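Here is model.csv, consisting of CSV, C-alpha atoms and all ligand atoms:
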```
chain,number,residue,atom,x,y,z
A,10,MET,CA,95.8,73.7,55.5
A,11,ALA,CA,97.6,71.9,58.3
A,12,VAL,CA,95.9,70.9,61.6
A,13,LEU,CA,98.2,70.1,64.6
A,14,GLY,CA,96.4,67.7,67.0
A,15,PRO,CA,93.4,65.9,65.5
A,16,GLY,CA,91.5,65.6,68.8
A,17,GLY,CA,88.1,67.1,69.6
A,18,VAL,CA,88.6,70.6,68.1
A,19,GLY,CA,91.2,69.7,65.6
A,20,GLY,CA,89.4,66.6,64.3
A,21,LEU,CA,86.2,68.5,64.0
A,22,LEU,CA,87.8,71.4,62.0
A,23,ALA,CA,89.9,69.0,59.8
A,24,ALA,CA,86.9,66.8,59.0
A,25,LEU,CA,84.6,69.8,58.2
A,26,LEU,CA,87.3,71.5,56.0
A,27,ALA,CA,88.1,68.2,54.2
A,28,ARG,CA,84.5,67.5,53.5
A,29,ALA,CA,84.1,71.0,52.0
A,30,GLY,CA,87.0,70.3,49.7
A,31,THR,CA,90.0,72.0,51.4
A,32,SER,CA,93.2,70.0,51.2
A,33,VAL,CA,94.1,69.2,54.8
A,34,VAL,CA,97.1,67.6,56.3
A,35,VAL,CA,96.8,66.4,59.9
A,36,LEU,CA,100.0,66.5,62.1
A,37,ALA,CA,99.8,63.7,64.7
A,38,GLY,CA,101.7,61.1,66.7
A,39,GLU,CA,102.3,57.8,65.1
A,40,SER,CA,99.4,55.7,66.4
A,41,THR,CA,96.8,58.4,65.9
A,42,ALA,CA,98.2,59.2,62.4
A,43,GLN,CA,98.0,55.5,61.5
A,44,ALA,CA,94.4,55.1,62.7
A,45,ILE,CA,93.4,58.2,60.7
A,46,ALA,CA,95.3,57.0,57.6
A,47,GLU,CA,93.5,53.7,57.8
A,48,ARG,CA,90.0,54.7,58.7
A,49,GLY,CA,89.8,58.4,58.0
A,50,LEU,CA,88.4,61.0,60.3
A,51,ARG,CA,84.9,60.1,61.4
A,52,LEU,CA,82.6,62.8,62.8
A,53,GLU,CA,79.4,62.2,64.8
A,54,SER,CA,77.7,65.6,65.2
A,55,ARG,CA,74.3,66.9,66.0
A,56,LEU,CA,75.1,70.0,64.0
A,57,PHE,CA,77.0,68.7,61.1
A,58,GLY,CA,75.8,65.2,60.6
A,59,ASN,CA,77.6,61.9,60.8
A,60,PHE,CA,80.3,61.3,58.1
A,61,GLY,CA,83.8,60.1,57.4
A,62,VAL,CA,86.5,61.7,55.3
A,63,MET,CA,90.0,60.7,54.3
A,64,VAL,CA,92.8,63.2,55.1
A,65,GLU,CA,96.5,63.2,54.7
A,66,THR,CA,98.6,62.6,57.8
A,67,ALA,CA,102.2,63.5,58.6
A,68,PRO,CA,104.5,63.4,61.6
A,69,ARG,CA,105.7,66.9,60.8
A,70,LEU,CA,105.0,69.8,58.5
A,71,GLN,CA,106.9,69.1,55.3
A,72,SER,CA,105.8,71.7,52.8
A,73,GLN,CA,104.4,75.1,52.8
A,74,VAL,CA,100.7,75.6,53.6
A,75,ASP,CA,98.5,78.7,53.9
A,76,ALA,CA,97.4,78.2,57.4
A,77,ILE,CA,98.2,75.9,60.4
A,78,LEU,CA,95.4,75.4,63.0
A,79,ILE,CA,96.9,74.6,66.4
A,80,THR,CA,94.5,72.4,68.3
A,81,VAL,CA,96.5,70.5,71.0
A,82,LYS,CA,96.0,71.1,74.7
A,83,ALA,CA,98.1,73.8,76.4
A,84,THR,CA,99.9,71.0,78.3
A,85,GLN,CA,100.9,69.4,75.0
A,86,LEU,CA,101.8,72.6,73.1
A,87,GLU,CA,105.5,72.9,73.4
A,88,ARG,CA,106.2,69.3,72.5
A,89,ALA,CA,103.7,69.3,69.6
A,90,LEU,CA,105.3,72.4,68.0
A,91,GLU,CA,108.4,70.2,67.2
A,92,ARG,CA,106.2,69.1,64.3
A,93,ILE,CA,106.1,72.6,62.9
A,94,PRO,CA,109.7,73.8,62.1
A,95,PRO,CA,109.5,77.6,61.7
A,96,GLU,CA,111.5,77.5,58.5
A,97,VAL,CA,108.9,75.2,57.0
A,98,ALA,CA,105.9,77.2,58.4
A,99,GLY,CA,107.3,80.2,56.6
A,100,ARG,CA,104.5,82.8,56.1
A,101,ALA,CA,101.7,80.4,57.0
A,102,LEU,CA,99.1,81.9,59.3
A,103,VAL,CA,99.4,80.1,62.7
A,104,ILE,CA,95.9,80.0,64.4
A,105,PRO,CA,95.6,78.6,67.9
A,106,PHE,CA,92.2,77.5,69.1
A,107,LEU,CA,93.4,76.8,72.6
A,108,ASN,CA,91.5,78.1,75.6
A,109,GLY,CA,93.6,80.5,77.7
A,110,ILE,CA,95.6,83.7,77.1
A,111,ASP,CA,99.3,83.2,77.3
A,112,HIS,CA,99.7,80.6,74.5
A,113,VAL,CA,99.4,83.4,71.9
A,114,ASN,CA,102.5,85.2,72.9
A,115,PHE,CA,104.3,81.9,73.5
A,116,LEU,CA,103.6,81.0,69.9
A,117,ARG,CA,104.8,84.4,68.7
A,118,THR,CA,108.2,83.6,70.2
A,119,ARG,CA,108.4,80.7,67.7
A,120,TYR,CA,106.5,82.2,64.7
A,121,PRO,CA,106.9,85.9,65.2
A,122,GLU,CA,105.1,87.2,62.1
A,123,ASN,CA,101.9,85.3,61.5
A,124,VAL,CA,100.2,84.2,64.7
A,125,VAL,CA,96.5,85.1,64.6
A,126,ALA,CA,94.5,84.5,67.9
A,127,ALA,CA,91.2,82.6,67.7
A,128,THR,CA,88.7,81.1,70.0
A,129,ILE,CA,86.1,78.4,69.5
A,130,ARG,CA,82.8,77.7,71.3
A,131,VAL,CA,81.8,74.1,70.9
A,132,GLU,CA,81.5,70.9,72.9
A,133,VAL,CA,83.4,68.2,71.1
A,134,ALA,CA,85.4,65.2,72.2
A,135,ARG,CA,87.8,62.7,70.7
A,136,VAL,CA,86.2,59.3,71.5
A,137,GLU,CA,89.1,57.3,70.0
A,138,PRO,CA,91.8,58.3,67.5
A,139,GLY,CA,90.0,59.5,64.4
A,140,LEU,CA,86.5,59.4,65.9
A,141,ILE,CA,85.2,62.8,67.0
A,142,ARG,CA,81.9,63.4,68.7
A,143,GLN,CA,80.4,66.9,68.7
A,144,THR,CA,77.4,67.4,71.1
A,145,SER,CA,76.7,71.1,71.6
A,146,PRO,CA,73.8,72.9,69.9
A,147,PHE,CA,76.4,75.6,68.9
A,148,ALA,CA,79.7,75.7,67.1
A,149,SER,CA,81.3,79.1,66.4
A,150,ALA,CA,84.7,80.5,66.1
A,151,SER,CA,86.1,84.0,66.4
A,152,ILE,CA,89.4,85.0,64.7
A,153,ALA,CA,91.3,88.2,65.5
A,154,THR,CA,92.4,90.1,62.4
A,155,SER,CA,94.7,93.1,61.9
A,156,ALA,CA,95.9,95.1,59.0
A,157,GLY,CA,98.9,93.0,58.0
A,158,VAL,CA,97.0,89.8,57.8
A,159,GLN,CA,93.5,90.9,56.9
A,160,ASP,CA,93.2,89.4,53.4
A,161,ARG,CA,94.6,86.0,54.5
A,162,VAL,CA,92.4,85.9,57.6
A,163,GLU,CA,89.3,86.7,55.5
A,164,GLN,CA,90.2,83.9,53.2
A,165,LEU,CA,90.6,81.5,56.1
A,166,ALA,CA,87.3,82.7,57.6
A,167,ALA,CA,85.6,82.0,54.2
A,168,GLN,CA,87.0,78.5,54.1
A,169,LEU,CA,85.8,77.8,57.6
A,170,ARG,CA,82.4,79.3,56.9
A,171,SER,CA,82.0,77.2,53.8
A,172,SER,CA,82.7,74.1,55.9
A,173,GLY,CA,79.7,75.0,58.0
A,174,LEU,CA,81.2,76.7,61.0
A,175,GLU,CA,80.0,80.1,62.2
A,176,VAL,CA,82.9,82.5,62.1
A,177,SER,CA,83.2,86.1,63.2
A,178,LEU,CA,86.2,88.3,62.8
A,179,ARG,CA,87.3,90.5,65.7
A,180,GLU,CA,89.7,93.5,65.7
A,181,ASP,CA,90.6,93.3,69.4
A,182,GLU,CA,92.6,90.2,70.2
A,183,THR,CA,92.8,90.9,73.9
A,184,ALA,CA,89.1,91.4,74.3
A,185,MET,CA,88.3,88.3,72.2
A,186,LEU,CA,90.5,86.1,74.4
A,187,TRP,CA,89.1,87.5,77.6
A,188,ASP,CA,85.6,87.3,76.4
A,189,LYS,CA,86.1,83.5,75.9
A,190,LEU,CA,87.7,83.1,79.3
A,191,ALA,CA,85.0,85.2,81.1
A,192,LEU,CA,82.6,82.3,81.2
A,193,LEU,CA,84.9,79.3,80.3
A,194,GLY,CA,87.3,80.0,83.1
A,195,PRO,CA,84.7,80.0,85.9
A,196,LEU,CA,82.9,77.0,84.3
A,197,ALA,CA,86.1,75.0,83.9
A,198,LEU,CA,87.3,75.6,87.4
A,199,LEU,CA,83.9,74.9,89.0
A,200,THR,CA,82.9,71.9,87.0
A,201,THR,CA,86.3,70.3,87.7
A,202,HIS,CA,86.3,71.3,91.4
A,203,GLU,CA,82.7,70.0,91.9
A,204,ARG,CA,83.1,67.0,89.5
A,205,GLY,CA,79.8,67.9,88.0
A,206,ASN,CA,78.2,69.4,84.8
A,207,VAL,CA,76.8,72.9,84.5
A,208,GLY,CA,73.5,71.9,86.0
A,209,VAL,CA,75.2,70.6,89.1
A,210,ILE,CA,77.3,73.7,89.6
A,211,ARG,CA,74.3,76.0,89.0
A,212,ALA,CA,72.5,74.2,91.8
A,213,ARG,CA,75.3,73.9,94.2
A,214,ARG,CA,77.9,76.6,93.5
A,215,ARG,CA,76.1,79.5,92.0
A,216,ASP,CA,77.6,82.0,94.6
A,217,ASP,CA,81.1,80.8,93.7
A,218,ALA,CA,80.3,81.1,90.0
A,219,ILE,CA,79.2,84.7,90.4
A,220,ALA,CA,82.3,85.5,92.4
A,221,LEU,CA,84.5,83.9,89.8
A,222,ILE,CA,82.8,85.7,86.9
A,223,SER,CA,83.3,89.0,88.6
A,224,GLU,CA,86.9,88.3,89.4
A,225,VAL,CA,87.8,87.3,85.8
A,226,ALA,CA,85.9,90.4,84.6
A,227,ALA,CA,87.9,92.7,86.8
A,228,VAL,CA,91.2,91.2,85.4
A,229,ALA,CA,89.9,91.4,81.9
A,230,LYS,CA,89.0,95.1,82.4
A,231,ALA,CA,92.5,95.8,83.7
A,232,GLU,CA,93.9,94.1,80.5
A,233,GLY,CA,91.9,96.5,78.4
A,234,ALA,CA,88.9,94.4,77.5
A,235,SER,CA,85.3,95.6,78.1
A,236,PRO,CA,83.8,92.7,80.1
A,237,ASP,CA,80.1,92.6,80.9
A,238,PRO,CA,79.9,90.3,84.0
A,239,GLU,CA,76.1,90.6,84.2
A,240,ALA,CA,75.7,89.3,80.7
A,241,THR,CA,78.2,86.5,81.5
A,242,VAL,CA,76.0,85.5,84.5
A,243,ARG,CA,73.0,85.4,82.1
A,244,LEU,CA,75.0,83.1,79.8
A,245,PHE,CA,75.9,81.0,82.8
A,246,ASP,CA,72.2,80.7,83.8
A,247,ALA,CA,71.3,79.8,80.2
A,248,ALA,CA,74.0,77.2,79.5
A,249,PRO,CA,72.7,73.7,78.8
A,250,GLU,CA,72.4,71.7,82.0
A,251,SER,CA,74.4,68.8,80.6
A,252,PHE,CA,77.3,70.9,79.4
A,253,GLU,CA,80.7,69.5,80.6
A,254,THR,CA,84.0,71.3,80.2
A,255,SER,CA,87.1,69.6,78.8
A,256,MET,CA,89.0,70.3,82.0
A,257,GLN,CA,86.3,68.4,83.9
A,258,ARG,CA,86.5,65.5,81.4
A,259,ASP,CA,90.3,65.5,81.6
A,260,GLN,CA,90.1,65.1,85.3
A,261,ALA,CA,87.6,62.3,85.0
A,262,THR,CA,89.8,60.4,82.6
A,263,GLY,CA,93.0,61.1,84.5
A,264,ARG,CA,94.6,63.4,81.9
A,265,PRO,CA,96.6,66.5,82.7
A,266,LEU,CA,94.5,69.6,83.3
A,267,GLU,CA,94.8,72.9,81.5
A,268,LEU,CA,94.8,74.5,84.9
A,269,ASP,CA,97.8,76.7,84.4
A,270,ALA,CA,96.5,77.9,81.0
A,271,ILE,CA,93.1,78.8,82.4
A,272,GLY,CA,93.2,79.4,86.2
A,273,GLY,CA,96.9,80.1,86.3
A,274,ALA,CA,96.5,82.8,83.6
A,275,VAL,CA,93.8,84.6,85.6
A,276,LEU,CA,96.1,84.6,88.7
A,277,ARG,CA,99.2,85.8,86.8
A,278,HIS,CA,97.3,88.6,85.0
A,279,ALA,CA,95.5,89.6,88.3
A,280,ALA,CA,98.9,89.8,90.1
A,281,ARG,CA,100.3,91.9,87.4
A,282,ALA,CA,97.3,94.3,87.6
A,283,GLY,CA,97.2,94.2,91.5
A,284,ILE,CA,93.6,92.8,91.5
A,285,PRO,CA,92.5,90.5,94.3
A,286,VAL,CA,91.0,87.2,93.0
A,287,PRO,CA,90.5,85.2,96.2
A,288,VAL,CA,87.9,82.7,94.9
A,289,THR,CA,89.9,81.9,91.8
A,290,ALA,CA,93.0,81.5,93.9
A,291,ARG,CA,91.3,79.1,96.3
A,292,LEU,CA,90.0,76.9,93.5
A,293,VAL,CA,93.2,76.9,91.6
A,294,GLU,CA,95.1,76.0,94.7
A,295,ASP,CA,92.7,73.1,95.5
A,296,LEU,CA,92.9,71.8,92.0
A,297,ARG,CA,96.7,72.0,92.0
A,298,GLU,CA,96.8,70.1,95.2
A,299,ARG,CA,94.5,67.5,93.7
A,300,GLU,CA,96.8,67.2,90.6
A,301,SER,CA,99.9,66.9,92.7
A,302,LYS,CA,98.4,64.0,94.8
A,303,ARG,CA,97.4,62.3,91.5
A,304,ALA,CA,100.9,62.6,90.0
A,401,LIG,N1,86.9,70.0,73.3
A,401,LIG,C1,86.2,71.1,73.4
A,401,LIG,O1,84.9,71.1,73.4
A,401,LIG,C2,86.8,72.4,73.4
A,401,LIG,C3,86.1,73.6,73.1
A,401,LIG,C4,86.7,74.8,73.1
A,401,LIG,C5,88.1,74.9,73.2
A,401,LIG,N2,88.8,73.8,73.5
A,401,LIG,C6,90.2,73.9,73.6
A,401,LIG,O2,90.8,73.4,72.5
A,401,LIG,C7,92.1,72.9,72.8
A,401,LIG,C8,92.1,71.4,72.3
A,401,LIG,O3,91.2,70.7,73.1
A,401,LIG,P1,90.6,69.3,72.7
A,401,LIG,O4,89.4,69.0,73.6
A,401,LIG,O5,90.3,69.3,71.2
A,401,LIG,O6,91.8,68.3,73.0
A,401,LIG,P2,91.9,66.8,72.6
A,401,LIG,O7,90.7,66.2,72.2
A,401,LIG,O8,92.7,66.1,73.8
A,401,LIG,O9,92.9,66.8,71.4
A,401,LIG,C9,94.2,67.1,71.4
A,401,LIG,C10,94.9,66.4,70.3
A,401,LIG,O10,96.2,66.8,70.3
A,401,LIG,C11,97.0,65.6,70.0
A,401,LIG,N3,98.4,65.7,70.5
A,401,LIG,C12,98.8,65.7,71.7
A,401,LIG,N4,100.2,65.8,71.7
A,401,LIG,C13,100.5,65.9,70.4
A,401,LIG,C14,101.8,66.0,69.8
A,401,LIG,N5,102.9,66.0,70.5
A,401,LIG,N6,101.8,66.0,68.5
A,401,LIG,C15,100.7,66.0,67.7
A,401,LIG,N7,99.4,65.9,68.3
A,401,LIG,C16,99.4,65.8,69.6
A,401,LIG,C17,96.2,64.5,70.7
A,401,LIG,O11,96.7,63.3,70.1
A,401,LIG,P3,96.2,61.9,70.5
A,401,LIG,O12,94.8,61.8,69.8
A,401,LIG,O13,97.2,61.0,69.8
A,401,LIG,O14,96.2,61.8,71.9
A,401,LIG,C18,94.8,64.9,70.4
A,401,LIG,O15,94.4,64.4,69.1
A,401,LIG,C19,92.2,73.0,74.3
A,401,LIG,O16,93.0,74.2,74.6
A,401,LIG,C20,90.8,73.2,74.8
A,401,LIG,O17,90.7,73.9,76.0
A,401,LIG,C21,88.2,72.6,73.5
```
Could you quickly redo this structure as structure tokens?
Amino acid sequence: MAVLGPGGVGGLLAALLARAGTSVVVLAGESTAQAIAERGLRLESRLFGNFGVMVETAPRLQSQVDAILITVKATQLERALERIPPEVAGRALVIPFLNGIDHVNFLRTRYPENVVAATIRVEVARVEPGLIRQTSPFASASIATSAGVQDRVEQLAAQLRSSGLEVSLREDETAMLWDKLALLGPLALLTTHERGNVGVIRARRRDDAIALISEVAAVAKAEGASPDPEATVRLFDAAPESFETSMQRDQATGRPLELDAIGGAVLRHAARAGIPVPVTARLVEDLRERESKRA
């Protein structure tokens, strides 16, 4: 198994899989690879415990593997894929865990046969190269399957389950991706805009949250998903107060935001379907302006 980008999500998955006995090669930049080669991957996790594990590292995929987990940010994706030449990837499943929608088809332009969409619900951060901290009381993944790849997807799901992750298989890729964006999109935009965690936005921006949830649901429906915005509002109301999104953390640490992959995707798909999304548009515009001033 290869993991491209051993940050929060990639480091967590690589550490769990390696601990469970899967052979893992981590594809990373030079300094991160060196830190991991020297000290291993170290996980601090309220769900999985604290442990360290040694994994192989490489600057690019050099030999055939069964599956390649893609766990870089959307803003890093195109450059990072230079580490996975299509001719070496061959028949390997390519499974992106990025938030957003459009990366899946983008990946299919490079690896036409074997891209399998996935989503992950977890709160995890790379504290320093090789040191991963997982803080949420939940960690679960969904993977889309279809006839041509069913056996291999089931095998991958079994490997991930035996590493401790909850995994469900879904047959409707579009609905799975929009289900994730239904809550994550509004949370990411609002926590970043307000510079506060979920507790803060619940107290100060609940009306905006409800409007965003309903706008994203309208777009999801137009795309063929079956959103349930009332259920999403209930999840919003039940989310842990201290929950922070990675977009909000990226803003706080001055890193590029996945604004286009998350907010931009909603706007693009809304425009295509002719659905008005004024609250999403206002927030995305504000955040783009903030980003451009920072650049
Ligand atoms: N974090 C979460 O809780 C969470 C939850 C659900 C979904 N997601 C989604 O998962 C995706 C990954 O997020 P994340 O939080 O795990 O990001 P992250 O912690 O920033 O990790 C990204 C990793 O990619 C590496 N990377 C960047 N450019 C690279 C390149 N050219 N070649 C190889 N590696 C490269 C980074 O390397 P360096 O370490 O060298 O910088 C880093 O290790 C995002 O789409 C995010 O929205 C995140």
Taking all atoms listed in the file into account, which residues are within 6 Å of ligand LIG 401 (chain A), as an mmCIF file with C-alpha atoms, in the coordinates of the input?
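Heads up, here's the output in out29.cif:
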```cif
data_model
loop_
_atom_site.group_PDB
_atom_site.id
_atom_site.type_symbol
_atom_site.label_atom_id
_atom_site.label_comp_id
_atom_site.auth_asym_id
_atom_site.auth_seq_id
_atom_site.Cartn_x
_atom_site.Cartn_y
_atom_site.Cartn_z
ATOM 1 C CA LEU A 13 98.200 70.100 64.600
ATOM 2 C CA GLY A 14 96.400 67.700 67.000
ATOM 3 C CA PRO A 15 93.400 65.900 65.500
ATOM 4 C CA GLY A 16 91.500 65.600 68.800
ATOM 5 C CA GLY A 17 88.100 67.100 69.600
ATOM 6 C CA VAL A 18 88.600 70.600 68.100
ATOM 7 C CA GLY A 19 91.200 69.700 65.600
ATOM 8 C CA LEU A 36 100.000 66.500 62.100
ATOM 9 C CA ALA A 37 99.800 63.700 64.700
ATOM 10 C CA GLY A 38 101.700 61.100 66.700
ATOM 11 C CA THR A 41 96.800 58.400 65.900
ATOM 12 C CA THR A 80 94.500 72.400 68.300
ATOM 13 C CA VAL A 81 96.500 70.500 71.000
ATOM 14 C CA LYS A 82 96.000 71.100 74.700
ATOM 15 C CA ALA A 83 98.100 73.800 76.400
ATOM 16 C CA GLN A 85 100.900 69.400 75.000
ATOM 17 C CA ARG A 88 106.200 69.300 72.500
ATOM 18 C CA ALA A 89 103.700 69.300 69.600
ATOM 19 C CA PHE A 106 92.200 77.500 69.100
ATOM 20 C CA LEU A 107 93.400 76.800 72.600
ATOM 21 C CA ASN A 108 91.500 78.100 75.600
ATOM 22 C CA ILE A 129 86.100 78.400 69.500
ATOM 23 C CA ARG A 130 82.800 77.700 71.300
ATOM 24 C CA VAL A 131 81.800 74.100 70.900
ATOM 25 C CA GLU A 132 81.500 70.900 72.900
ATOM 26 C CA VAL A 133 83.400 68.200 71.100
ATOM 27 C CA ALA A 134 85.400 65.200 72.200
ATOM 28 C CA ARG A 135 87.800 62.700 70.700
ATOM 29 C CA PRO A 138 91.800 58.300 67.500
ATOM 30 C CA SER A 255 87.100 69.600 78.800
#
```
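Closest approach to Ala248 of chain A among A:Arg211, A:Arg119, A:Arg297, A:Arg204 is made by A:Arg211 (distances from only C-alpha atoms).
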Point to revise | For Leu244 of chain A: contacts at 12 Å, all atoms listed in the file, fewer than 3 positions along chain excluded, given as an NGL selection string | key: :A and (188-189 or 191-193 or 195-196 or 207 or 211 or 218-219 or 222 or 237-241 or 247-250)
Practice item. Name the residues in contact with Pro95 of chain A at a cut-off of 10 Å, using only C-alpha atoms, excluding same-chain residues fewer than 4 positions from it; report them as a VMD selection string. Key: chain A and resid 70 90 to 91 99 to 101 119 to 121
Point to revise | All residues 9 Å or closer to Glu182 of chain A, only C-alpha atoms, same chain fewer than 5 positions away omitted, as JSON, numbers by chain | key: {"A": [125, 126, 127, 152, 153, 154, 187]}
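Within 12 Å of the point (93.7, 54.4, 61.7) in file coordinates, and counting all atoms listed in the file, lie the residues Ala37, Gly38, Glu39, Ser40, Thr41, Ala42, Gln43, Ala44, Ile45, Ala46, Glu47, Arg48, Gly49, Leu50, Arg51, Met63, Val64, Glu65, Thr66, Glu137, Pro138, Gly139 and Leu140 of chain A.
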Write segment 266-279 of chain A as a compact mmCIF listing (two decimals), keeping the file's coordinate frame, completed to N, CA, C and O atoms.
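That gives us part18.txt:
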```txt
# COMPACT_ATOMS: atom_id res chain seq x y z
N LEU A 266 95.47 68.49 83.43
CA LEU A 266 94.50 69.60 83.30
C LEU A 266 95.14 70.84 82.71
O LEU A 266 96.31 71.12 82.98
N GLU A 267 94.36 71.61 81.98
CA GLU A 267 94.80 72.90 81.50
C GLU A 267 94.66 73.96 82.59
O GLU A 267 94.17 75.07 82.32
N LEU A 268 95.04 73.59 83.79
CA LEU A 268 94.80 74.50 84.90
C LEU A 268 95.64 75.71 84.87
O LEU A 268 95.18 76.82 85.16
N ASP A 269 96.90 75.54 84.48
CA ASP A 269 97.80 76.70 84.40
C ASP A 269 97.33 77.65 83.27
O ASP A 269 97.35 78.87 83.44
N ALA A 270 96.91 77.08 82.16
CA ALA A 270 96.50 77.90 81.00
C ALA A 270 95.26 78.70 81.30
O ALA A 270 95.06 79.79 80.75
N ILE A 271 94.39 78.16 82.15
CA ILE A 271 93.10 78.80 82.40
C ILE A 271 93.11 79.53 83.75
O ILE A 271 93.14 80.76 83.81
N GLY A 272 93.15 78.77 84.85
CA GLY A 272 93.20 79.40 86.20
C GLY A 272 94.47 80.15 86.42
O GLY A 272 94.47 81.29 86.94
N GLY A 273 95.59 79.52 86.05
CA GLY A 273 96.90 80.10 86.30
C GLY A 273 97.01 81.47 85.56
O GLY A 273 97.57 82.43 86.07
N ALA A 274 96.45 81.52 84.35
CA ALA A 274 96.50 82.80 83.60
C ALA A 274 95.77 83.88 84.30
O ALA A 274 96.24 85.02 84.37
N VAL A 275 94.61 83.57 84.85
CA VAL A 275 93.80 84.60 85.60
C VAL A 275 94.68 85.11 86.76
O VAL A 275 94.79 86.32 86.98
N LEU A 276 95.30 84.17 87.48
CA LEU A 276 96.10 84.60 88.70
C LEU A 276 97.29 85.46 88.25
O LEU A 276 97.57 86.47 88.89
N ARG A 277 97.97 85.04 87.18
CA ARG A 277 99.20 85.80 86.80
C ARG A 277 98.77 87.22 86.33
O ARG A 277 99.40 88.19 86.73
N HIS A 278 97.71 87.31 85.51
CA HIS A 278 97.30 88.60 85.00
C HIS A 278 96.74 89.48 86.16
O HIS A 278 96.91 90.69 86.18
N ALA A 279 96.07 88.84 87.11
CA ALA A 279 95.50 89.60 88.30
C ALA A 279 96.68 90.13 89.10
O ALA A 279 96.65 91.29 89.53
```
